[in-house]
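Trainee: Quick one: this structure, given as structure tokens, is what I'll be asking you about.
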Amino acid sequence: MNARHSPEVGLPALLLQRLRSASADLRVLAAIDDQEGVFPNEAMALLTDMGLGRSVLPREHGGLGLGWERNVTGTLMDALRLLGALHLAAARLFEGHVNAFQLLWRHGDARQQQTLCRYVKEGGWLGVWNAPHASGPCKLIADASGSYRLLGRKSYASGAGSMTRALVTAFDDTGTLRMLWPDTSAAVVAWDSWPAEGMRASATYGVDFTGLRVMPEEIFGRDDVYHREPAFSGGAWRFLAAQLGAGEALFDLTREDLRHTGRTGDPHQRSRLARAGIALCTAVAWIESAAWRAESVHHSQAAIEATVAHVAMARACVDASLQEVMQLCQRCVGLRSQLRDHPMERVLRDLRTYLHQPGPDAVLDRVAQAWLDEPFPIRDTLL
Ligand SMILES: Cc1cc2nc3c(=O)[nH]c(=O)nc-3n(C[C@H](O)[C@H](O)[C@H](O)COP(=O)(O)OP(=O)(O)OC[C@H]3O[C@@H](n4cnc5c(N)ncnc54)[C@H](O)[C@@H]3O)c2cc1C
């Protein structure tokens, strides 16, 4: 992908305006990409052209610091929400790009940061491939020449086979999880490993890295920086924002359908629509407070733990809210919402799939632990 034709990223408001202007095109592409079930090249090229890919870069490199500069948190949330409503698979890929950049940028040295910025400036997309494969963890083995080889596989790698450089995690010989940014073009993609009903265009596949070379300068950070809090758990607000966008799209499509079919006067339909809207408002409030907490400065371990617990609550609550929205919207529209030619059908499939995020029980357990550790009455500690 070539960035020659791309405009400067410009101001945050301009970026969002460009995204809004591309709404119709992205909506059409979402339907086509879902049918084809492959990496959404055209949609991602549109995002490149509008400067969304390069928005993660620092300002001196022509970006906005999206994903790691605090003053643009609201812009990132709007972008994820908007894109989530239009093309959830592209939103997932963009979210992975933001996540990878902020991790590599924060933990890279000056030279690594330069290489990273050059790659993104030239239109390169990034992903984070961490989910383990059933065969066991991925390992980083030192070889005699001073470089390394990877051994093992990963599951659920969005953009696999299309992105040439993604952040990959692997354990070194001391058992420490390391962040790597190798050239992944020679990795073997299991193309048949994503028979999921939704997010078909997220190009999420299993990958075998065995034998892939990793140079010392492609190892970012020293210890297990990948799991450093609050960034690790706190960053969940970003996928919540993308999911929210899809929930909002469902609401709009449902309301449109009720108007079109002349069913807005029915009290049952009105009650369902009201409850769906309230559930979305709940999700918005949680995502905003989670983002605000996650992106603020943390001066103590206690503050970090409070944020991690707060974002865990947001995850549990947004998941419940969006499950409710899906159910209510399906009830409002009925069988037609499941028919292939109805615009709700794909959005429902995509959201249902994307709502599966790691360890939902562990998330709730973390919330319980935070409340159990609290010595004060709950009314004194509620935020
Ligand atoms: C569209 C999409 C794109 C994705 N892209 C990427 C990507 O690019 N990179 C990446 O790394 N990952 C990616 N993932 C994977 C994602 O990060 C999660 O790993 C995945 O969604 C986990 O879903 P799961 O339902 O299998 O979760 P699990 O965590 O396996 O949860 C399934 C159930 O088992 C429970 N459970 C979990 N652990 C245990 C345990 N030890 N004992 C008992 N019960 C347990 C959970 O609470 C839950 O009830 C993607 C996922 C999706 C949907």
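Starting from 1 in every chain, residues are counted up; chains themselves are A, B, ... following the order of the structure tokens, and ligands are numbered from 1 as listed.
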Please provide the set of residues having any atom within 9 Å of Ile141 (chain A), restricted to only C-alpha atoms, with same-chain residues fewer than 2 positions apart removed, written as a ChimeraX atom specification.
Mentor: /A:139,143,147-151,171-173
Trainee: With DSSP run on the backbone, what are the strand (DSSP E) residues within region 74-247 of chain A? I'd like them as a PyMOL selection string.
Mentor: chain A and resi 128-129+139-142+148-151+153-158+167-171+177-180+188-190+204-208+213-214+219-220
Trainee: Mind listing the residues within 6 Å of ligand 1, only C-alpha atoms and all ligand atoms counted, as a PyMOL selection string?
Mentor: chain A and resi 127-131+156-158+199+204+353-354+356-362
Trainee: Which distance in Å separates CA of Leu140 (chain A) and CA of Ala170 (chain A), to one decimal?
Mentor: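 Separating CA of Leu140 (chain A) from CA of Ala170 (chain A) is a distance of 5.7 Å.
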Trainee: Go through A:Pro216, A:His310, A:Leu29, A:Thr210 and flag the residue nearest Ala368 (chain A), using only C-alpha atoms for the distances.
Mentor: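 Checking each candidate against Ala368 (chain A), we get A:His310 as the closest.
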Trainee: I'd like the neighbourhood of Leu15 (chain A) as a PDB file with C-alpha atoms, in the first residue's frame, where a residue qualifies if any of its atoms comes within 10 Å (using only C-alpha atoms), though same-chain residues fewer than 6 positions away should be ignored.
Mentor:
```
ATOM      1  CA  GLU A   8      -1.466  14.893   5.817  1.00  0.00           C
ATOM      2  CA  VAL A   9      -3.298  13.529   8.842  1.00  0.00           C
ATOM      3  CA  SER A  21     -17.417  11.323   4.346  1.00  0.00           C
ATOM      4  CA  LEU A  47      -8.419   4.277   5.697  1.00  0.00           C
ATOM      5  CA  MET A  50      -7.693   9.387   4.786  1.00  0.00           C
ATOM      6  CA  GLY A  51      -4.632   9.195   7.089  1.00  0.00           C
ATOM      7  CA  LEU A  52      -6.128   6.882   9.711  1.00  0.00           C
ATOM      8  CA  SER A  55      -2.675   8.921  12.788  1.00  0.00           C
ATOM      9  CA  LEU A  64      -1.630  12.679  15.958  1.00  0.00           C
ATOM     10  CA  THR A  75     -10.845  11.242  18.750  1.00  0.00           C
ATOM     11  CA  ALA A  79     -13.047   6.861  15.157  1.00  0.00           C
TER      12      ALA A  79
END
```
Trainee: Would you list the contacts of His97 (chain A) as an NGL selection string, taking every protein, DNA or RNA residue within 9 Å and counting only C-alpha atoms, but skipping same-chain residues closer than 6 positions in sequence?
Mentor: :A and (53 or 56 or 125-128 or 166)
Trainee: I'd like the neighbourhood of Gly206 (chain A) as a ChimeraX atom specification, where a residue qualifies if any of its atoms comes within 9 Å (using only C-alpha atoms), though same-chain residues fewer than 6 positions away should be ignored.
Mentor: /A:133,153-158,160,188-194
Trainee: Measuring atom to atom with only C-alpha atoms, identify which of A:Gln114, A:Ser321, A:Thr48, A:Thr307 is nearest to Glu229 (chain A).
Mentor: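 Using only C-alpha atoms, Glu229 (chain A) sits closest to A:Thr307.
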Trainee: Pick the closest to Asp183 (chain A) from A:Gly247, A:Pro195, A:Gly124, A:Pro137: which is it, counting only C-alpha atoms?
Mentor: A:Gly124
Trainee: Just to confirm, what's the straight-line distance from CA of Leu66 (chain A) to CA of Val311 (chain A) in Å (one decimal)?
Mentor: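 It comes out at 19.6 Å.
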Trainee: In Å to one decimal, how far is CA of Ala294 (chain A) from CA of His227 (chain A)?
Mentor: 14.3 Å
Trainee: Which residue out of A:Tyr226, A:Arg54, A:Arg379, A:Met326 has the minimum interatomic distance to Gln338 (chain A) when only C-alpha atoms are used?
Mentor: A:Met326
Trainee: So which residues touch Arg270 (chain A) within 12 Å, counting only C-alpha atoms, skipping near sequence neighbours fewer than 3 positions away, as a ChimeraX atom specification?
Mentor: /A:254-255,258-259,263-267,273-277,328-329,331-332
